[in-house]
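Structure file my_file_20.json with JSON, C-alpha atoms:
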```json
[["chain", "number", "residue", "atom", "x", "y", "z"],
["L", 195, "MET", "CA", 171.43, 154.98, 286.34],
["L", 196, "MET", "CA", 174.89, 153.83, 287.34],
["L", 197, "ARG", "CA", 175.37, 151.84, 290.53],
["L", 198, "PHE", "CA", 178.73, 151.50, 292.29],
["L", 199, "ASP", "CA", 179.27, 148.78, 294.91],
["L", 200, "ILE", "CA", 182.50, 149.17, 296.84],
["L", 201, "MET", "CA", 183.94, 146.28, 298.84],
["L", 202, "THR", "CA", 186.24, 147.72, 301.49],
["L", 203, "LEU", "CA", 187.55, 147.46, 305.04],
["L", 204, "PHE", "CA", 187.06, 151.21, 305.49],
["L", 205, "PRO", "CA", 183.56, 152.16, 304.34],
["L", 206, "ASP", "CA", 183.52, 155.41, 306.35],
["L", 207, "LEU", "CA", 186.53, 156.68, 304.40],
["L", 208, "VAL", "CA", 184.78, 156.01, 301.10],
["L", 209, "ARG", "CA", 181.47, 157.52, 302.22],
["L", 210, "THR", "CA", 183.22, 160.65, 303.47],
["L", 211, "VAL", "CA", 185.03, 161.28, 300.18],
["L", 212, "LEU", "CA", 182.11, 160.47, 297.88],
["L", 213, "GLY", "CA", 179.45, 162.14, 300.00],
["L", 214, "GLU", "CA", 180.56, 165.68, 299.13],
["L", 215, "SER", "CA", 180.29, 168.07, 296.19],
["L", 216, "ILE", "CA", 179.04, 166.92, 292.78],
["L", 217, "ILE", "CA", 179.21, 163.19, 293.51],
["L", 218, "GLY", "CA", 177.36, 163.63, 296.78],
["L", 219, "ARG", "CA", 174.64, 165.65, 295.06],
["L", 220, "ALA", "CA", 174.39, 163.07, 292.29],
["L", 221, "GLN", "CA", 173.63, 160.41, 294.88],
["L", 222, "LYS", "CA", 170.94, 162.54, 296.49],
["L", 223, "SER", "CA", 169.32, 163.25, 293.11],
["L", 224, "GLY", "CA", 169.34, 159.57, 292.17],
["L", 225, "ALA", "CA", 171.60, 159.99, 289.13],
["L", 226, "ILE", "CA", 173.99, 157.42, 290.64],
["L", 227, "THR", "CA", 173.96, 155.01, 293.56],
["L", 228, "VAL", "CA", 177.03, 154.33, 295.68],
["L", 229, "LYS", "CA", 176.90, 151.48, 298.19],
["L", 230, "THR", "CA", 179.74, 150.53, 300.50],
["L", 231, "HIS", "CA", 180.12, 146.99, 301.83],
["L", 232, "ASN", "CA", 182.35, 146.24, 304.81],
["L", 233, "ILE", "CA", 184.27, 143.07, 303.98],
["L", 234, "ARG", "CA", 184.83, 142.46, 307.70],
["L", 235, "ASP", "CA", 181.09, 141.90, 308.13],
["L", 236, "TYR", "CA", 181.42, 138.77, 306.01],
["L", 237, "SER", "CA", 184.29, 137.15, 307.89],
["L", 238, "GLU", "CA", 183.71, 133.56, 309.00],
["L", 239, "ASP", "CA", 186.01, 134.05, 311.99],
["L", 240, "LYS", "CA", 184.48, 134.88, 315.39],
["L", 241, "HIS", "CA", 186.97, 137.74, 315.73],
["L", 242, "ARG", "CA", 185.97, 139.05, 312.27],
["L", 243, "ARG", "CA", 189.46, 138.42, 310.97],
["L", 244, "VAL", "CA", 189.99, 139.20, 307.29],
["L", 245, "ASP", "CA", 193.75, 138.72, 306.83],
["L", 246, "ASP", "CA", 196.51, 136.20, 307.44],
["L", 247, "THR", "CA", 200.20, 135.67, 306.76],
["L", 248, "PRO", "CA", 201.06, 134.72, 303.16],
["L", 249, "TYR", "CA", 202.15, 131.20, 302.31],
["L", 250, "GLY", "CA", 205.85, 131.11, 301.53],
["L", 251, "GLY", "CA", 206.66, 133.86, 304.00],
["L", 252, "GLY", "CA", 207.21, 137.55, 303.53],
["L", 253, "LYS", "CA", 206.37, 140.78, 305.27],
["L", 254, "GLY", "CA", 202.86, 141.98, 305.91],
["L", 255, "MET", "CA", 199.43, 140.40, 305.86],
["L", 256, "LEU", "CA", 197.24, 139.29, 302.98],
["L", 257, "MET", "CA", 193.46, 139.65, 302.75],
["L", 258, "MET", "CA", 191.79, 136.23, 302.73],
["L", 259, "ALA", "CA", 189.51, 135.05, 299.93],
["L", 260, "PRO", "CA", 186.43, 133.83, 301.90],
["L", 261, "PRO", "CA", 185.30, 137.18, 303.40],
["L", 262, "ILE", "CA", 185.68, 138.89, 300.02],
["L", 263, "TYR", "CA", 183.76, 136.15, 298.25],
["L", 264, "ASN", "CA", 181.00, 136.23, 300.86],
["L", 265, "CYS", "CA", 180.73, 139.99, 300.46],
["L", 266, "TYR", "CA", 180.55, 139.64, 296.68],
["L", 267, "GLU", "CA", 177.82, 137.01, 296.92],
["L", 268, "ALA", "CA", 175.82, 139.26, 299.27],
["L", 269, "ILE", "CA", 176.02, 142.12, 296.76],
["L", 270, "LEU", "CA", 174.70, 139.91, 293.98],
["L", 271, "ALA", "CA", 171.89, 138.72, 296.24],
["L", 272, "GLN", "CA", 170.96, 142.31, 297.12],
["L", 273, "GLN", "CA", 170.90, 143.26, 293.46],
["L", 274, "SER", "CA", 168.79, 140.29, 292.39],
["L", 275, "ALA", "CA", 166.19, 141.22, 295.01],
["L", 276, "GLU", "CA", 165.76, 144.71, 293.54],
["L", 277, "ALA", "CA", 162.84, 145.58, 291.27],
["L", 278, "GLU", "CA", 165.24, 146.56, 288.48],
["L", 279, "PRO", "CA", 168.60, 144.88, 289.11],
["L", 280, "PRO", "CA", 171.59, 146.02, 287.04],
["L", 281, "VAL", "CA", 172.30, 143.83, 284.05],
["L", 282, "ARG", "CA", 175.63, 145.13, 282.74],
["L", 283, "ARG", "CA", 178.08, 144.45, 285.54],
["L", 284, "ARG", "CA", 181.86, 144.64, 285.78],
["L", 285, "VAL", "CA", 184.01, 143.71, 288.79],
["L", 286, "ILE", "CA", 187.18, 145.76, 289.15],
["L", 287, "TYR", "CA", 190.10, 145.25, 291.53],
["L", 288, "LEU", "CA", 192.00, 148.47, 292.30],
["L", 289, "SER", "CA", 195.60, 147.30, 292.05],
["L", 290, "PRO", "CA", 199.02, 148.75, 291.12],
["L", 291, "THR", "CA", 199.42, 145.81, 288.73],
["L", 292, "GLY", "CA", 196.40, 146.86, 286.67],
["L", 293, "SER", "CA", 196.21, 149.00, 283.55],
["L", 294, "VAL", "CA", 196.37, 152.72, 284.30],
["L", 295, "LEU", "CA", 193.07, 154.57, 284.48],
["L", 296, "ASN", "CA", 192.56, 157.27, 281.86],
["L", 297, "GLN", "CA", 189.65, 159.24, 280.43],
["L", 298, "LYS", "CA", 189.11, 156.75, 277.62],
["L", 299, "LYS", "CA", 188.73, 153.91, 280.13],
["L", 300, "ALA", "CA", 186.35, 156.01, 282.25],
["L", 301, "ALA", "CA", 184.16, 156.64, 279.21],
["L", 302, "GLU", "CA", 184.21, 152.95, 278.32],
["L", 303, "LEU", "CA", 183.02, 152.01, 281.80],
["L", 304, "ALA", "CA", 180.35, 154.72, 281.87],
["L", 305, "ASN", "CA", 178.98, 153.78, 278.45],
["L", 306, "ASN", "CA", 179.07, 149.99, 278.68],
["L", 307, "TYR", "CA", 178.02, 149.15, 282.25],
["L", 308, "ASP", "CA", 175.31, 150.03, 284.73],
["L", 309, "ASN", "CA", 177.05, 148.45, 287.73],
["L", 310, "LEU", "CA", 180.69, 148.57, 288.79],
["L", 311, "ILE", "CA", 181.70, 146.42, 291.75],
["L", 312, "LEU", "CA", 185.01, 147.70, 293.09],
["L", 313, "LEU", "CA", 187.30, 145.62, 295.30],
["L", 314, "CYS", "CA", 189.65, 147.60, 297.55],
["L", 315, "GLY", "CA", 192.71, 145.68, 298.66],
["L", 316, "HIS", "CA", 194.69, 146.49, 301.79],
["L", 317, "TYR", "CA", 197.80, 145.35, 303.63],
["L", 318, "GLU", "CA", 199.83, 143.37, 301.06],
["L", 319, "GLY", "CA", 196.85, 142.88, 298.77],
["L", 320, "VAL", "CA", 194.43, 139.98, 298.40],
["L", 321, "ASP", "CA", 194.63, 136.24, 297.87],
["L", 322, "ARG", "CA", 195.12, 135.79, 294.13],
["L", 323, "ARG", "CA", 192.41, 133.14, 293.95],
["L", 324, "ILE", "CA", 189.66, 135.68, 294.63],
["L", 325, "VAL", "CA", 190.96, 137.91, 291.83],
["L", 326, "ASP", "CA", 191.01, 134.99, 289.41],
["L", 327, "GLU", "CA", 187.48, 133.93, 290.38],
["L", 328, "ILE", "CA", 185.43, 137.14, 290.50],
["L", 329, "VAL", "CA", 187.42, 140.03, 289.01],
["L", 330, "ASP", "CA", 186.94, 141.08, 285.39],
["L", 331, "GLU", "CA", 189.63, 143.75, 285.28],
["L", 332, "GLU", "CA", 192.41, 145.25, 287.37],
["L", 333, "ILE", "CA", 192.87, 149.02, 287.28],
["L", 334, "SER", "CA", 195.61, 151.23, 288.71],
["L", 335, "ILE", "CA", 195.55, 155.00, 289.14],
["L", 336, "GLY", "CA", 199.30, 155.34, 288.55],
["L", 337, "ASP", "CA", 202.71, 153.81, 288.93],
["L", 338, "PHE", "CA", 202.97, 154.13, 292.69],
["L", 339, "VAL", "CA", 201.83, 152.14, 295.71],
["L", 340, "LEU", "CA", 199.23, 153.26, 298.28],
["L", 341, "THR", "CA", 198.22, 151.72, 301.59],
["L", 342, "GLY", "CA", 194.87, 150.58, 300.23],
["L", 343, "GLY", "CA", 192.45, 150.68, 297.34],
["L", 344, "GLU", "CA", 189.94, 153.08, 298.88],
["L", 345, "ILE", "CA", 191.35, 156.32, 297.46],
["L", 346, "PRO", "CA", 191.79, 154.77, 293.98],
["L", 347, "ALA", "CA", 188.20, 153.51, 294.16],
["L", 348, "CYS", "CA", 186.95, 156.99, 295.01],
["L", 349, "ILE", "CA", 188.93, 158.43, 292.10],
["L", 350, "LEU", "CA", 187.47, 155.88, 289.70],
["L", 351, "VAL", "CA", 183.91, 156.56, 290.91],
["L", 352, "ASP", "CA", 184.39, 160.32, 290.57],
["L", 353, "CYS", "CA", 185.92, 159.98, 287.10],
["L", 354, "VAL", "CA", 183.24, 157.62, 285.77],
["L", 355, "ALA", "CA", 180.25, 159.21, 287.51],
["L", 356, "ARG", "CA", 180.90, 162.60, 285.89],
["L", 357, "LEU", "CA", 180.11, 160.97, 282.53],
["L", 358, "VAL", "CA", 176.75, 159.59, 283.65],
["L", 359, "ASP", "CA", 173.65, 161.45, 282.48],
["L", 360, "GLY", "CA", 172.28, 163.77, 285.15],
["L", 361, "VAL", "CA", 175.48, 164.10, 287.18],
["L", 362, "LEU", "CA", 176.73, 167.25, 285.44],
["L", 363, "SER", "CA", 174.42, 169.93, 284.07],
["L", 364, "ASP", "CA", 175.45, 169.41, 280.45],
["L", 365, "ALA", "CA", 177.67, 167.07, 278.42],
["L", 366, "GLU", "CA", 179.74, 170.09, 277.40],
["L", 367, "CYS", "CA", 180.97, 170.24, 281.01],
["L", 368, "TYR", "CA", 183.17, 167.21, 280.37],
["L", 369, "GLU", "CA", 183.45, 167.03, 276.58],
["L", 370, "LYS", "CA", 185.50, 170.23, 276.26],
["L", 371, "GLU", "CA", 187.59, 170.04, 279.42],
["L", 372, "SER", "CA", 191.21, 168.95, 279.74],
["L", 373, "ILE", "CA", 192.07, 165.47, 278.46],
["L", 374, "SER", "CA", 188.51, 164.66, 277.27],
["L", 375, "SER", "CA", 188.98, 166.78, 274.15],
["L", 376, "GLY", "CA", 192.44, 165.36, 273.50],
["L", 377, "LEU", "CA", 194.05, 168.65, 274.56],
["L", 378, "LEU", "CA", 194.53, 170.49, 277.81],
["L", 379, "GLU", "CA", 191.87, 173.06, 278.53],
["L", 380, "TYR", "CA", 192.45, 176.69, 277.57],
["L", 381, "PRO", "CA", 193.23, 179.18, 280.39],
["L", 382, "GLN", "CA", 190.18, 180.73, 282.05],
["L", 383, "TYR", "CA", 189.62, 183.97, 283.95],
["L", 384, "THR", "CA", 187.01, 185.56, 286.18],
["L", 385, "ARG", "CA", 186.65, 188.76, 288.22],
["L", 386, "PRO", "CA", 188.50, 190.95, 289.04],
["L", 387, "TYR", "CA", 189.42, 192.17, 285.58],
["L", 388, "GLU", "CA", 192.94, 193.07, 286.77],
["L", 389, "PHE", "CA", 194.85, 191.07, 289.38],
["L", 390, "HIS", "CA", 198.42, 191.94, 290.44],
["L", 391, "GLY", "CA", 198.86, 193.97, 287.28],
["L", 392, "VAL", "CA", 197.66, 191.24, 284.93],
["L", 393, "LYS", "CA", 194.49, 191.93, 282.93],
["L", 394, "VAL", "CA", 192.04, 189.49, 281.41],
["L", 395, "PRO", "CA", 192.84, 189.00, 277.66],
["L", 396, "ASP", "CA", 190.90, 191.56, 275.60],
["L", 397, "VAL", "CA", 189.40, 188.90, 273.33],
["L", 398, "LEU", "CA", 187.43, 187.41, 276.24],
["L", 399, "ILE", "CA", 185.59, 190.66, 276.87],
["L", 400, "SER", "CA", 185.09, 191.51, 273.21],
["L", 401, "GLY", "CA", 181.76, 189.75, 272.89],
["L", 402, "HIS", "CA", 182.91, 188.25, 269.57],
["L", 403, "HIS", "CA", 182.20, 184.55, 270.09],
["L", 404, "ALA", "CA", 183.94, 183.32, 266.96],
["L", 405, "ASN", "CA", 187.14, 185.09, 267.99],
["L", 406, "ILE", "CA", 186.79, 183.78, 271.54],
["L", 407, "ASP", "CA", 186.42, 180.20, 270.28],
["L", 408, "ARG", "CA", 189.41, 180.62, 267.98],
["L", 409, "TRP", "CA", 191.52, 182.04, 270.83],
["L", 410, "ARG", "CA", 190.53, 179.19, 273.13],
["L", 411, "ASP", "CA", 191.45, 176.58, 270.52],
["L", 412, "GLU", "CA", 194.82, 178.22, 269.96],
["L", 413, "GLN", "CA", 195.53, 178.49, 273.67],
["L", 414, "ALA", "CA", 194.52, 174.86, 274.29],
["L", 415, "LEU", "CA", 196.96, 173.72, 271.61],
["L", 416, "GLU", "CA", 199.77, 175.93, 272.95],
["L", 417, "MET", "CA", 199.27, 174.75, 276.54],
["L", 418, "THR", "CA", 199.26, 171.12, 275.42],
["L", 419, "LYS", "CA", 202.47, 171.61, 273.41],
["L", 420, "LYS", "CA", 204.11, 173.20, 276.44],
["L", 421, "LEU", "CA", 202.85, 171.03, 279.30],
["L", 422, "ARG", "CA", 201.71, 167.70, 277.81],
["L", 423, "PRO", "CA", 203.26, 167.13, 274.37],
["L", 424, "ASP", "CA", 202.71, 163.41, 274.92],
["L", 425, "LEU", "CA", 198.98, 163.96, 274.35],
["L", 426, "LEU", "CA", 199.68, 165.27, 270.86],
["L", 427, "GLU", "CA", 201.87, 162.26, 270.12],
["L", 428, "GLN", "CA", 199.09, 159.93, 271.29],
["L", 429, "GLU", "CA", 196.66, 161.71, 268.96],
["L", 430, "LYS", "CA", 199.02, 161.29, 266.02],
["L", 431, "SER", "CA", 199.55, 157.59, 266.69],
["L", 432, "SER", "CA", 195.80, 156.95, 266.87],
["L", 433, "THR", "CA", 195.07, 158.54, 263.48]]
```

Rewrite the structure of this file - the entire thing - as structure tokens.
Amino acid sequence: MMRFDIMTLFPDLVRTVLGESIIGRAQKSGAITVKTHNIRDYSEDKHRRVDDTPYGGGKGMLMMAPPIYNCYEAILAQQSAEAEPPVRRRVIYLSPTGSVLNQKKAAELANNYDNLILLCGHYEGVDRRIVDEIVDEEISIGDFVLTGGEIPACILVDCVARLVDGVLSDAECYEKESISSGLLEYPQYTRPYEFHGVKVPDVLISGHHANIDRWRDEQALEMTKKLRPDLLEQEKSST
């Protein structure tokens, strides 16, 4: 089972996003565990302050190291008190300076770890000393800046959790979809048979599974050439 521990200033936001749909059901079934930890609860200040102005000046506020470290220590203490604590742990800071998340990285995390501790920054980020002390890896979800790390953390959990046994009904659900296979997914159709004058391709209602598979492979390749030729270049460079 995979356990996610999310250190955040906005636990309700995280719980709302991850409490729905497949990821929500996976938590209820016990396939994964998602725990949120409010960094503010671990502040040493009587006003529960978690940020301060950065040394050297500049706009905005910076999250202080002590509340984050206290939160991290509490997570480790909680885990050690469990009957079967996780043993393969990785601490990740969601940051625009990190390497960009992709399907390969998601599979690596799902296959090699049973606990991901995710640190969500906010304001202007976090004191660098806490990153240097507890973080194993920084990950970004793209070359843009958000107001906080909560949405990136939710994306990472969703992406990784789908690869955990018991979350999806079958491995084929993610092995043959877009990106995972190295190509974009082939176009798919459902009822009605005709919509706005466009009919479902005849091959899909032929009942000939070999022809259907061949058509899907051809369509996946054509769509990738048209929409994401970079994926084909990546495949060439890796072989």

Length of the CA of Lys419 in chain L to CA of Tyr380 in chain L vector [Å]:
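Going from CA of Lys419 in chain L over to CA of Tyr380 in chain L covers 12.0 Å.
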
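In this comparison, which uses all atoms listed in the file, the residue of L:Ile328, L:Gly252, L:Cys348, L:Arg408 approaching Glu214 in chain L most closely is L:Cys348.
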
What does the distance between CA of Ser289 in chain L and CA of Gly315 in chain L come to in Å, to one decimal place?
7.4 Å

For range 350-366 of chain L, list every protein, DNA or RNA residue within 10 Å, evaluated using only C-alpha atoms, and leave out those in the same chain fewer than 4 positions away; present the list as a ChimeraX atom specification.
/L:195-200,211-212,216-221,223-228,288,295-297,299-305,308,310,312,333-335,344-346,370-371

Output of the above residues as a CSV table (one decimal), in the frame of the given file, restricted to C-alpha atoms:
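Saved file selection_22.csv follows:
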```csv
chain,number,residue,atom,x,y,z
L,195,MET,CA,171.4,155.0,286.3
L,196,MET,CA,174.9,153.8,287.3
L,197,ARG,CA,175.4,151.8,290.5
L,198,PHE,CA,178.7,151.5,292.3
L,199,ASP,CA,179.3,148.8,294.9
L,200,ILE,CA,182.5,149.2,296.8
L,211,VAL,CA,185.0,161.3,300.2
L,212,LEU,CA,182.1,160.5,297.9
L,216,ILE,CA,179.0,166.9,292.8
L,217,ILE,CA,179.2,163.2,293.5
L,218,GLY,CA,177.4,163.6,296.8
L,219,ARG,CA,174.6,165.6,295.1
L,220,ALA,CA,174.4,163.1,292.3
L,221,GLN,CA,173.6,160.4,294.9
L,223,SER,CA,169.3,163.2,293.1
L,224,GLY,CA,169.3,159.6,292.2
L,225,ALA,CA,171.6,160.0,289.1
L,226,ILE,CA,174.0,157.4,290.6
L,227,THR,CA,174.0,155.0,293.6
L,228,VAL,CA,177.0,154.3,295.7
L,288,LEU,CA,192.0,148.5,292.3
L,295,LEU,CA,193.1,154.6,284.5
L,296,ASN,CA,192.6,157.3,281.9
L,297,GLN,CA,189.6,159.2,280.4
L,299,LYS,CA,188.7,153.9,280.1
L,300,ALA,CA,186.4,156.0,282.2
L,301,ALA,CA,184.2,156.6,279.2
L,302,GLU,CA,184.2,153.0,278.3
L,303,LEU,CA,183.0,152.0,281.8
L,304,ALA,CA,180.4,154.7,281.9
L,305,ASN,CA,179.0,153.8,278.4
L,308,ASP,CA,175.3,150.0,284.7
L,310,LEU,CA,180.7,148.6,288.8
L,312,LEU,CA,185.0,147.7,293.1
L,333,ILE,CA,192.9,149.0,287.3
L,334,SER,CA,195.6,151.2,288.7
L,335,ILE,CA,195.6,155.0,289.1
L,344,GLU,CA,189.9,153.1,298.9
L,345,ILE,CA,191.4,156.3,297.5
L,346,PRO,CA,191.8,154.8,294.0
L,370,LYS,CA,185.5,170.2,276.3
L,371,GLU,CA,187.6,170.0,279.4
```

Which residue of L:Cys314, L:Ile262, L:Val392, L:Ala404 approaches Arg234 in chain L most closely, using all atoms listed in the file
L:Ile262
